[in-house]
>>> print(open('final-v5.txt').read())   # compact mmCIF, C-alpha atoms and all ligand atoms
# COMPACT_ATOMS: atom_id res chain seq x y z
CA MET A 1 89.57 -89.69 70.48
CA THR A 2 92.02 -91.83 68.51
CA LYS A 3 94.07 -93.92 70.87
CA GLU A 4 97.72 -94.80 70.51
CA THR A 5 99.12 -97.63 68.40
CA ILE A 6 100.70 -100.34 70.51
CA LEU A 7 102.71 -103.44 69.65
CA ILE A 8 101.85 -106.78 71.29
CA THR A 9 103.90 -109.99 71.07
CA GLY A 10 102.61 -113.47 71.96
CA VAL A 11 99.11 -112.80 70.60
CA THR A 12 98.60 -116.50 69.85
CA GLY A 13 99.15 -117.35 73.54
CA TYR A 14 96.90 -117.98 76.53
CA ILE A 15 97.65 -114.58 78.08
CA GLY A 16 98.60 -112.68 74.92
CA PHE A 17 95.36 -113.35 73.03
CA LYS A 18 93.34 -111.91 75.91
CA VAL A 19 95.71 -108.92 76.05
CA LEU A 20 95.05 -108.38 72.33
CA ARG A 21 91.28 -108.49 72.77
CA ILE A 22 91.22 -106.21 75.81
CA ALA A 23 93.47 -103.65 74.12
CA LEU A 24 91.26 -103.63 71.01
CA ALA A 25 88.07 -103.41 73.09
CA GLN A 26 89.56 -100.40 74.88
CA GLY A 27 90.10 -98.69 71.51
CA TYR A 28 93.85 -99.06 71.06
CA ARG A 29 95.16 -99.67 67.56
CA VAL A 30 97.26 -102.82 67.77
CA ARG A 31 100.16 -104.18 65.77
CA GLY A 32 100.23 -107.87 66.68
CA VAL A 33 103.42 -109.86 66.21
CA VAL A 34 103.21 -113.50 65.08
CA ARG A 35 105.89 -115.95 64.02
CA LYS A 36 104.07 -117.49 61.05
CA GLU A 37 101.80 -116.04 58.38
CA GLU A 38 99.12 -118.73 58.89
CA GLN A 39 98.61 -117.61 62.51
CA ILE A 40 97.03 -114.37 61.25
CA SER A 41 93.93 -116.03 59.78
CA LYS A 42 93.63 -118.26 62.84
CA ILE A 43 93.44 -115.20 65.09
CA LYS A 44 91.18 -113.23 62.76
CA SER A 45 88.68 -116.07 62.48
CA HIS A 46 88.40 -116.64 66.24
CA PRO A 47 84.75 -115.96 67.24
CA LEU A 48 85.90 -113.71 70.09
CA MET A 49 87.53 -111.40 67.52
CA ASP A 50 84.12 -110.46 66.08
CA GLY A 51 83.90 -106.69 65.85
CA LEU A 52 87.54 -106.20 66.82
CA ILE A 53 89.42 -107.00 63.58
CA GLY A 54 89.31 -103.39 62.33
CA GLY A 55 91.74 -102.21 65.01
CA VAL A 56 94.53 -104.70 64.39
CA GLU A 57 97.28 -105.23 61.83
CA PHE A 58 99.72 -108.12 61.97
CA VAL A 59 103.43 -108.37 61.34
CA VAL A 60 105.36 -111.61 60.96
CA ILE A 61 108.73 -111.96 62.73
CA PRO A 62 109.92 -115.57 62.38
CA ASP A 63 112.88 -115.15 64.75
CA MET A 64 112.30 -112.47 67.38
CA GLY A 65 115.69 -113.10 69.00
CA LYS A 66 117.57 -111.94 65.91
CA ALA A 67 119.28 -108.55 66.36
CA GLY A 68 117.25 -105.85 64.61
CA ALA A 69 114.18 -108.10 64.22
CA PHE A 70 111.87 -105.43 65.66
CA ASP A 71 113.47 -102.45 63.84
CA PRO A 72 111.00 -102.48 60.91
CA VAL A 73 107.83 -102.84 63.02
CA LEU A 74 108.08 -100.13 65.70
CA ASP A 75 107.33 -97.12 63.55
CA GLY A 76 104.69 -94.96 65.31
CA ILE A 77 104.41 -97.33 68.29
CA SER A 78 103.94 -95.67 71.69
CA ALA A 79 103.84 -98.73 73.93
CA ILE A 80 104.98 -102.34 73.65
CA ILE A 81 103.47 -105.30 75.50
CA HIS A 82 105.85 -108.26 75.37
CA THR A 83 104.05 -111.43 76.52
CA ASP A 84 106.01 -113.71 74.27
CA ASP A 85 108.15 -116.42 75.60
CA TYR A 86 109.82 -119.70 75.05
CA ILE A 87 108.97 -121.49 78.25
CA ARG A 88 110.38 -124.90 77.51
CA ASP A 89 113.84 -125.94 78.63
CA ILE A 90 116.22 -123.39 77.18
CA VAL A 91 117.41 -120.26 78.94
CA GLN A 92 118.80 -118.09 76.16
CA PRO A 93 115.95 -117.45 73.63
CA PRO A 94 113.80 -115.26 75.93
CA LEU A 95 116.87 -113.18 76.76
CA ASP A 96 117.71 -112.74 73.09
CA MET A 97 114.13 -111.71 72.33
CA GLU A 98 114.06 -109.19 75.15
CA SER A 99 117.45 -107.73 74.10
CA SER A 100 116.43 -107.45 70.50
CA LEU A 101 113.13 -105.76 71.42
CA LEU A 102 114.68 -103.30 73.88
CA LYS A 103 117.49 -102.36 71.47
CA SER A 104 114.97 -101.63 68.71
CA ALA A 105 112.87 -99.60 71.16
CA LEU A 106 115.96 -97.51 71.98
CA ASN A 107 116.00 -96.45 68.31
CA THR A 108 112.30 -95.52 68.30
CA PRO A 109 111.58 -92.10 69.87
CA SER A 110 107.78 -92.67 69.87
CA VAL A 111 108.00 -95.57 72.36
CA ARG A 112 107.18 -94.26 75.86
CA ARG A 113 106.60 -97.53 77.75
CA VAL A 114 107.41 -101.24 77.49
CA VAL A 115 105.47 -103.85 79.51
CA ILE A 116 107.08 -107.27 79.94
CA THR A 117 105.57 -110.51 81.31
CA SER A 118 107.86 -111.79 84.01
CA SER A 119 106.80 -114.24 86.75
CA VAL A 120 106.73 -114.72 90.52
CA VAL A 121 109.31 -117.47 90.00
CA THR A 122 111.85 -114.62 89.78
CA LEU A 123 111.28 -113.76 93.46
CA ILE A 124 112.83 -116.88 95.01
CA PRO A 125 115.40 -119.57 94.31
CA LEU A 126 113.79 -122.85 93.27
CA SER A 127 115.46 -124.42 96.34
CA TRP A 128 113.29 -122.22 98.62
CA LEU A 129 110.36 -124.47 97.76
CA ALA A 130 112.03 -127.33 99.68
CA SER A 131 112.61 -125.13 102.75
CA SER A 132 110.33 -124.95 105.78
CA ASP A 133 109.75 -121.19 105.40
CA VAL A 134 106.04 -120.49 105.13
CA ASP A 135 106.00 -117.11 106.89
CA THR A 136 108.10 -114.73 104.81
CA VAL A 137 105.93 -112.35 102.80
CA PHE A 138 107.61 -111.77 99.44
CA THR A 139 107.29 -108.43 97.65
CA SER A 140 108.09 -107.20 94.14
CA ARG A 141 111.47 -106.03 95.49
CA ASP A 142 112.60 -109.64 96.02
CA LEU A 143 114.84 -111.19 93.38
CA ASN A 144 116.19 -114.72 93.08
CA THR A 145 119.99 -114.74 93.20
CA ASP A 146 120.49 -118.40 92.27
CA THR A 147 120.56 -118.59 88.48
CA ALA A 148 123.80 -120.44 87.77
CA PRO A 149 123.82 -123.50 85.50
CA PRO A 150 123.66 -126.48 85.24
CA TYR A 151 119.87 -126.74 84.94
CA HIS A 152 118.79 -130.29 85.56
CA ASN A 153 115.25 -130.03 84.26
CA ALA A 154 112.84 -127.72 82.44
CA MET A 155 111.60 -126.18 85.70
CA GLU A 156 115.12 -125.15 86.78
CA ALA A 157 115.77 -123.66 83.35
CA TYR A 158 112.46 -121.76 83.39
CA TRP A 159 113.21 -120.38 86.88
CA ALA A 160 116.65 -119.17 85.76
CA SER A 161 115.48 -117.89 82.40
CA LYS A 162 112.70 -115.70 83.82
CA THR A 163 115.01 -114.40 86.57
CA LEU A 164 117.83 -113.56 84.19
CA ALA A 165 115.35 -111.78 81.90
CA ARG A 166 114.00 -109.70 84.81
CA LYS A 167 117.53 -108.83 85.99
CA HIS A 168 118.48 -107.93 82.45
CA VAL A 169 115.72 -105.32 82.38
CA HIS A 170 116.98 -103.77 85.65
CA GLU A 171 120.53 -103.59 84.22
CA PHE A 172 119.26 -102.20 80.92
CA LEU A 173 117.42 -99.42 82.77
CA SER A 174 120.41 -98.42 84.86
CA GLN A 175 122.99 -98.69 82.06
CA LYS A 176 121.09 -97.33 79.04
CA LYS A 177 118.77 -94.87 80.77
CA PRO A 178 116.26 -95.22 77.91
CA HIS A 179 113.77 -92.51 76.87
CA PHE A 180 110.94 -94.98 77.74
CA ASP A 181 110.11 -96.67 81.01
CA ILE A 182 109.55 -100.38 81.63
CA ILE A 183 107.04 -102.27 83.74
CA GLN A 184 107.55 -105.94 84.53
CA LEU A 185 104.47 -107.90 85.58
CA LEU A 186 104.95 -110.97 87.77
CA PRO A 187 101.94 -113.30 87.56
CA SER A 188 101.65 -116.29 89.88
CA VAL A 189 100.00 -119.54 88.69
CA VAL A 190 97.78 -118.33 85.85
CA LEU A 191 94.42 -120.10 85.67
CA GLY A 192 91.01 -119.60 84.13
CA PRO A 193 89.38 -120.33 80.79
CA ASP A 194 91.62 -120.56 77.72
CA ASP A 195 90.12 -118.94 74.61
CA TRP A 196 92.02 -121.39 72.41
CA ALA A 197 90.90 -124.61 74.15
CA THR A 198 88.56 -126.71 72.05
CA ASP A 199 88.71 -130.01 73.96
CA LEU A 200 90.21 -131.50 77.10
CA GLU A 201 93.55 -132.09 75.42
CA THR A 202 93.96 -128.39 74.62
CA LEU A 203 92.54 -127.34 78.01
CA PHE A 204 94.92 -129.56 79.97
CA VAL A 205 98.17 -127.78 79.09
CA GLY A 206 100.62 -125.68 81.11
CA THR A 207 99.53 -124.82 84.63
CA ARG A 208 96.00 -126.15 84.05
CA ALA A 209 97.48 -129.62 83.48
CA MET A 210 99.03 -129.45 86.95
CA ILE A 211 95.79 -128.45 88.67
CA MET A 212 92.76 -129.83 86.85
CA PRO A 213 93.34 -133.59 87.36
CA ILE A 214 92.10 -133.00 90.92
CA VAL A 215 88.51 -132.93 89.61
CA GLN A 216 89.14 -136.15 87.72
CA GLY A 217 89.73 -137.84 91.07
CA LYS A 218 93.55 -137.89 90.73
CA VAL A 219 95.59 -137.96 93.91
CA MET A 220 98.72 -135.94 93.20
CA GLU A 221 101.79 -136.04 95.40
CA ALA A 222 104.00 -133.16 94.29
CA PRO A 223 102.97 -129.89 95.97
CA VAL A 224 102.16 -126.80 93.90
CA VAL A 225 102.60 -123.25 95.21
CA GLY A 226 99.24 -121.95 96.46
CA VAL A 227 99.31 -118.66 94.56
CA PRO A 228 96.76 -118.46 91.74
CA VAL A 229 95.67 -115.60 89.49
CA LEU A 230 92.89 -115.32 86.89
CA VAL A 231 94.19 -115.06 83.32
CA ASP A 232 91.75 -112.23 82.53
CA ASP A 233 93.21 -110.15 85.38
CA VAL A 234 96.72 -110.80 84.11
CA ALA A 235 95.70 -109.66 80.63
CA LEU A 236 93.88 -106.57 81.93
CA ALA A 237 96.93 -105.62 83.99
CA HIS A 238 99.08 -105.70 80.84
CA VAL A 239 96.78 -103.21 79.10
CA ASP A 240 96.36 -101.05 82.22
CA ALA A 241 100.15 -101.03 82.63
CA ILE A 242 100.57 -98.91 79.50
CA LYS A 243 98.54 -96.12 81.12
CA PRO A 244 100.65 -93.23 82.43
CA SER A 245 98.72 -93.35 85.72
CA VAL A 246 100.58 -96.57 86.61
CA PRO A 247 104.10 -95.65 87.84
CA GLY A 248 106.79 -96.95 85.46
CA ASN A 249 110.21 -98.53 86.01
CA LYS A 250 108.65 -100.83 88.58
CA ASP A 251 107.79 -104.52 88.93
CA TYR A 252 104.32 -105.62 90.05
CA ILE A 253 103.16 -108.99 91.43
CA LEU A 254 99.82 -110.29 90.09
CA SER A 255 98.17 -112.81 92.41
CA SER A 256 94.83 -113.34 94.13
CA ASN A 257 93.92 -114.16 97.75
CA THR A 258 97.07 -112.45 99.00
CA PRO A 259 98.95 -112.46 101.25
CA ASP A 260 98.13 -116.00 102.43
CA GLY A 261 97.27 -117.69 99.12
CA ILE A 262 95.00 -120.71 98.78
CA GLU A 263 94.76 -124.45 99.37
CA TRP A 264 94.38 -126.41 96.12
CA ASN A 265 92.08 -128.93 97.79
CA SER A 266 89.52 -126.11 98.22
CA ILE A 267 88.77 -126.69 94.50
CA LEU A 268 86.64 -129.63 95.62
CA ASP A 269 84.52 -127.35 97.85
CA ILE A 270 84.19 -124.86 94.99
CA ALA A 271 83.03 -127.69 92.70
CA GLN A 272 80.48 -128.84 95.30
CA GLN A 273 79.18 -125.35 95.87
CA HIS A 274 78.87 -124.16 92.26
CA PHE A 275 78.30 -127.40 90.35
CA PRO A 276 76.43 -129.78 92.71
CA GLY A 277 74.68 -131.51 89.78
CA GLU A 278 77.96 -132.26 87.99
CA VAL A 279 79.48 -133.55 91.25
CA ALA A 280 76.44 -135.77 91.86
CA SER A 281 76.61 -137.15 88.31
CA GLY A 282 80.34 -137.89 88.63
CA LEU A 283 81.32 -135.45 85.87
CA LEU A 284 83.31 -133.63 88.57
CA GLN A 285 84.93 -136.04 91.01
CA CYS A 286 85.64 -134.90 94.54
CA THR A 287 88.03 -137.69 95.48
CA GLY A 288 91.24 -136.10 94.16
CA SER A 289 93.82 -134.11 96.07
CA LEU A 290 96.72 -131.77 95.40
CA PRO A 291 99.14 -130.69 98.16
CA THR A 292 99.78 -126.96 98.56
CA ARG A 293 103.19 -125.35 99.07
CA ARG A 294 102.31 -122.19 101.01
CA TRP A 295 103.84 -118.94 99.69
CA LYS A 296 102.93 -115.52 100.99
CA LEU A 297 102.92 -112.66 98.50
CA ASP A 298 102.36 -108.95 99.03
CA THR A 299 100.39 -107.31 96.22
CA SER A 300 99.63 -104.02 97.98
CA ASP A 301 101.88 -102.04 95.55
CA THR A 302 100.00 -103.52 92.59
CA GLU A 303 96.57 -102.77 94.03
CA LYS A 304 97.58 -99.17 94.78
CA ALA A 305 99.05 -98.59 91.31
CA PHE A 306 96.28 -100.29 89.31
CA GLY A 307 93.32 -99.41 91.53
CA TRP A 308 91.82 -102.93 91.56
CA LYS A 309 92.31 -106.31 93.24
CA CYS A 310 92.64 -109.66 91.51
CA THR A 311 89.53 -111.85 91.21
CA SER A 312 89.11 -114.38 94.02
CA PHE A 313 90.33 -117.95 93.56
CA GLU A 314 86.75 -119.15 93.99
CA ASP A 315 85.62 -117.13 90.96
CA THR A 316 88.72 -118.13 88.97
CA MET A 317 88.01 -121.83 89.53
CA ARG A 318 84.29 -121.41 88.94
CA LYS A 319 85.09 -120.02 85.47
CA LEU A 320 87.65 -122.71 84.70
CA LEU A 321 85.38 -125.53 85.92
CA GLN A 322 82.59 -124.08 83.77
CA GLN A 323 84.81 -124.31 80.68
CA TYR A 324 85.83 -127.86 81.62
CA ILE A 325 82.19 -128.92 82.02
CA THR A 326 81.17 -127.23 78.76
CA LEU A 327 83.96 -128.93 76.79
CA ILE A 328 83.08 -132.37 78.20
CA LYS A 329 79.38 -131.89 77.42
CA GLU A 330 80.15 -130.62 73.90
CA SER A 331 82.36 -133.62 73.22
CA GLY A 332 79.54 -135.92 74.27
CA ALA A 333 82.10 -137.96 76.20
CA SER A 334 80.62 -140.54 78.52
CA LEU A 335 82.21 -140.93 81.93
N1 LIG B 1 100.88 -119.45 82.26
C1 LIG B 1 101.36 -119.19 83.47
O1 LIG B 1 100.98 -119.80 84.51
C2 LIG B 1 102.38 -118.09 83.63
C3 LIG B 1 102.74 -117.68 84.94
C4 LIG B 1 103.67 -116.66 85.08
C5 LIG B 1 104.24 -116.08 83.96
N2 LIG B 1 103.88 -116.52 82.71
C6 LIG B 1 104.52 -115.89 81.56
O2 LIG B 1 103.51 -115.40 80.69
C7 LIG B 1 103.98 -115.40 79.34
C8 LIG B 1 102.97 -116.01 78.42
O3 LIG B 1 102.59 -117.27 78.94
P1 LIG B 1 101.37 -118.09 78.34
O4 LIG B 1 100.92 -119.00 79.43
O5 LIG B 1 100.41 -117.17 77.69
O6 LIG B 1 102.15 -118.97 77.26
P2 LIG B 1 101.62 -119.65 75.89
O7 LIG B 1 100.16 -119.81 75.86
O8 LIG B 1 102.45 -120.88 75.74
O9 LIG B 1 102.02 -118.58 74.79
C9 LIG B 1 103.36 -118.36 74.53
C10 LIG B 1 103.52 -117.40 73.37
O10 LIG B 1 104.92 -117.37 73.12
C11 LIG B 1 105.13 -117.66 71.74
N3 LIG B 1 106.39 -118.39 71.55
C12 LIG B 1 106.66 -119.66 71.89
N4 LIG B 1 107.91 -119.96 71.52
C13 LIG B 1 108.44 -118.86 70.95
C14 LIG B 1 109.69 -118.53 70.37
N5 LIG B 1 110.69 -119.39 70.31
N6 LIG B 1 109.86 -117.28 69.87
C15 LIG B 1 108.87 -116.39 69.92
N7 LIG B 1 107.66 -116.64 70.44
C16 LIG B 1 107.46 -117.86 70.95
C17 LIG B 1 103.94 -118.45 71.29
O11 LIG B 1 103.81 -118.23 69.90
P3 LIG B 1 103.52 -119.43 68.87
O12 LIG B 1 102.02 -119.58 68.87
O13 LIG B 1 104.06 -118.91 67.59
O14 LIG B 1 104.23 -120.65 69.38
C18 LIG B 1 102.81 -117.81 72.10
O15 LIG B 1 102.31 -116.67 71.47
C19 LIG B 1 105.33 -116.10 79.40
O16 LIG B 1 106.31 -115.09 79.47
C20 LIG B 1 105.30 -116.86 80.70
O17 LIG B 1 106.60 -117.06 81.20
C21 LIG B 1 102.96 -117.50 82.52
>>> encode(input="final-v5.txt", output="C-alpha cells")
Amino acid sequence: MTKETILITGVTGYIGFKVLRIALAQGYRVRGVVRKEEQISKIKSHPLMDGLIGGVEFVVIPDMGKAGAFDPVLDGISAIIHTDDYIRDIVQPPLDMESSLLKSALNTPSVRRVVITSSVVTLIPLSWLASSDVDTVFTSRDLNTDTAPPYHNAMEAYWASKTLARKHVHEFLSQKKPHFDIIQLLPSVVLGPDDWATDLETLFVGTRAMIMPIVQGKVMEAPVVGVPVLVDDVALAHVDAIKPSVPGNKDYILSSNTPDGIEWNSILDIAQQHFPGEVASGLLQCTGSLPTRRWKLDTSDTEKAFGWKCTSFEDTMRKLLQQYITLIKESGASL
C-alpha cells in the first residue's frame, strides 16, 4: 500500500532528523524542508539514511517566516510535522513560521493533520521554578499565562516564545475552524544519542550540555527540572501523531518516569551499573552532581492516545552514556 506524502520541517535537527528517518522507515513519502541547498547532501550522505533516500524529496525555504513561504510546497501533502524552531533569544520568528505554515495549510485541501513541536515549558510560568510547589501534578490542559515582555535572558524568551506559539494554535483552531486538525506535542528535557554528534563538542549542545558535565565530575549549582524524555520516543510520537487513531486538536505531554520524574544525580548510579569498567578507569567520573527541581507531570492522556509509554530514564541515560563513551574512545582522547 502506498502511504501518504507528508511534509517535515527541521529535518537537520536533533529531533527532526529522527522524525525523518522513522517516517521513511514506516513507508511514508516525505517532503523534507531545509533552509539551505547544501543541507540536502549532508542529510542524504548520513550513514543512517542508507536505504531510506528513495522515499524523500527536499525543498529549500530560506525564510520560513515569510508569508506564503509554504504555498508552493504543500501540493498533495496530507500531514505536516513542524519540528522547526529558532530556540535562541528571539520570540517572534517561531510565531511567524507557525503562522505562515498554518495559513498555507488552510489553502491546501489535502492537508488533514498538522503536528507541532511545543514544549512542557508552556505549562508553567518560569517564576514557578523558584516557588516551593513540588506537589502539583501538571497536565496537558495547563498553560502558562505569564508571557509579557521584557525578557531578560534567552530562557525567558524561549519560555514566552513556546507559550505564545502554543496559544496561537489554540486561537487559530477556534477562530479559523480549519479543515485539518492540529496536535501539539510537549516534550520535557529531551535526551539520548544525537545522530549528528561526531565529537564531544557536538554532543555537548542544548540540553545535553546542561546534564552531561555530571559524568565529567562537575559539581553544578543551578537546578534542572527532573523531567527527561528519550529523543527517539519524541520522534516516534511525532510520526504516530499523524495517525488518525490518535485524537486530534489536542496537546500531549511527552515525558518519562511520570508523574514523579527523576533525580539527576541518579545518573551516577546508572553509570556505575551499566559501565563499571569506564567508571573504574575514570572515563566516567562519579564525583559530579546536579540538583533537581522536582516537577510532576501527568502523561496518562498521552499513553492512552498513543498506546505506549516513554522509555525509562535509566535506558535513556544508558544510550546517551554509550554514545559519550564511544565518541571519547574514537577520538583517542586521553583522560
Ligand atoms: N531539545 C529539547 O530538549 C527540546 C525540549 C522541548 C521542546 N523542544 C522543541 O523541539 C524542537 C526541535 O528541537 P531540537 O532540539 O531538535 O533543535 P535543533 O537540533 O536545534 O534543531 C532545530 C531545527 O530548527 C532549524 N532552525 C533553526 N533556526 C531556524 C530558523 N530561523 N528558521 C527556520 N528553521 C530554523 C534548524 O535548521 P538549520 O539546520 O537550518 O539551522 C534545525 O533543523 C524545537 O521546537 C524545540 O523548541 C526541544
>>> residues_around(input="final-v5.txt", residues="Lys44 in chain A", least_positions_apart="2", cutoff="12 Å", atoms="all atoms listed in the file", output="ChimeraX atom specification")
/A:11-12,17,20-21,32,37-42,46-58
>>> residues_around(input="final-v5.txt", residues="Met97 in chain A", least_positions_apart="6", cutoff="10 Å", atoms="only C-alpha atoms", output="PyMOL selection string")
chain A and resi 63-67+69-70+82+84-86+103+165
>>> write_last_selection(input="final-v5.txt", atoms="C-alpha atoms", output="PDB file, keeping the file's coordinate frame")
ATOM      1  CA  ASP A  63     112.880-115.150  64.750  1.00  0.00           C
ATOM      2  CA  MET A  64     112.300-112.470  67.380  1.00  0.00           C
ATOM      3  CA  GLY A  65     115.690-113.100  69.000  1.00  0.00           C
ATOM      4  CA  LYS A  66     117.570-111.940  65.910  1.00  0.00           C
ATOM      5  CA  ALA A  67     119.280-108.550  66.360  1.00  0.00           C
ATOM      6  CA  ALA A  69     114.180-108.100  64.220  1.00  0.00           C
ATOM      7  CA  PHE A  70     111.870-105.430  65.660  1.00  0.00           C
ATOM      8  CA  HIS A  82     105.850-108.260  75.370  1.00  0.00           C
ATOM      9  CA  ASP A  84     106.010-113.710  74.270  1.00  0.00           C
ATOM     10  CA  ASP A  85     108.150-116.420  75.600  1.00  0.00           C
ATOM     11  CA  TYR A  86     109.820-119.700  75.050  1.00  0.00           C
ATOM     12  CA  LYS A 103     117.490-102.360  71.470  1.00  0.00           C
ATOM     13  CA  ALA A 165     115.350-111.780  81.900  1.00  0.00           C
TER      14      ALA A 165
END
>>> residues_near_ligand(input="final-v5.txt", ligand="ligand LIG 1 (chain B)", cutoff="6 Å", atoms="only C-alpha atoms and all ligand atoms", output="PyMOL selection string")
chain A and resi 10-16+35+64+83-87+117-119+187-190+207
>>> closest_atom_pairs(input="final-v5.txt", of="range 97-126 of chain A", to="range 287-298 of chain A", cutoff="12 Å", atoms="all atoms listed in the file", output="CSV")
residue,atom,partner,partner_atom,distance
A:Val120,CA,A:Leu297,CA,9.1
A:Val121,CA,A:Trp295,CA,11.2
A:Leu123,CA,A:Leu297,CA,9.8
A:Ile124,CA,A:Trp295,CA,10.3
>>> atom_distance(input="final-v5.txt", atom1="CA of Ile61 in chain A", atom2="CA of Phe180 in chain A")
22.8 Å
>>> atom_distance(input="final-v5.txt", atom1="CA of Ser127 in chain A", atom2="CA of Glu156 in chain A")
9.6 Å
>>> atom_distance(input="final-v5.txt", atom1="CA of Leu173 in chain A", atom2="CA of Ala305 in chain A")
20.3 Å
>>> closest_residue(input="final-v5.txt", among="A:Arg29, A:Lys243, A:Arg113, A:Lys167", to="Lys3 in chain A", atoms="only C-alpha atoms")
A:Arg29
>>> closest_residue(input="final-v5.txt", among="A:Leu7, A:Leu254, A:Leu321, A:Leu203", to="Phe306 in chain A", atoms="all atoms listed in the file")
A:Leu254
>>> residues_around(input="final-v5.txt", residues="Ala197 in chain A", least_positions_apart="4", cutoff="10 Å", atoms="all atoms listed in the file", output="PyMOL selection string")
chain A and resi 14+193+201-205+323-324+327
>>> closest_residue(input="final-v5.txt", among="A:Thr108, A:Ser312, A:Ser245, A:Asn257", to="Val73 in chain A", atoms="all atoms listed in the file")
A:Thr108
>>> closest_residue(input="final-v5.txt", among="A:Arg208, A:Lys250, A:Lys329, A:Arg166", to="Thr316 in chain A", atoms="all atoms listed in the file")
A:Arg208
>>> closest_residue(input="final-v5.txt", among="A:Val219, A:Gln26, A:Leu320, A:Val224", to="Glu263 in chain A", atoms="only C-alpha atoms")
A:Val224
>>> residues_around(input="final-v5.txt", residues="range 161-163 of chain A", least_positions_apart="3", cutoff="6 Å", atoms="all atoms listed in the file", output="list in words")
Val91, Thr122, Ala157, Tyr158 and Arg166 of chain A
>>> residues_near_point(input="final-v5.txt", point="(100.0, -99.7, 90.9)", cutoff="9 Å", atoms="all atoms listed in the file", output="count of residues only")
14
>>> closest_residue(input="final-v5.txt", among="A:Ala154, A:Val19, A:Ile43, A:Val215", to="Ile267 in chain A", atoms="all atoms listed in the file")
A:Val215
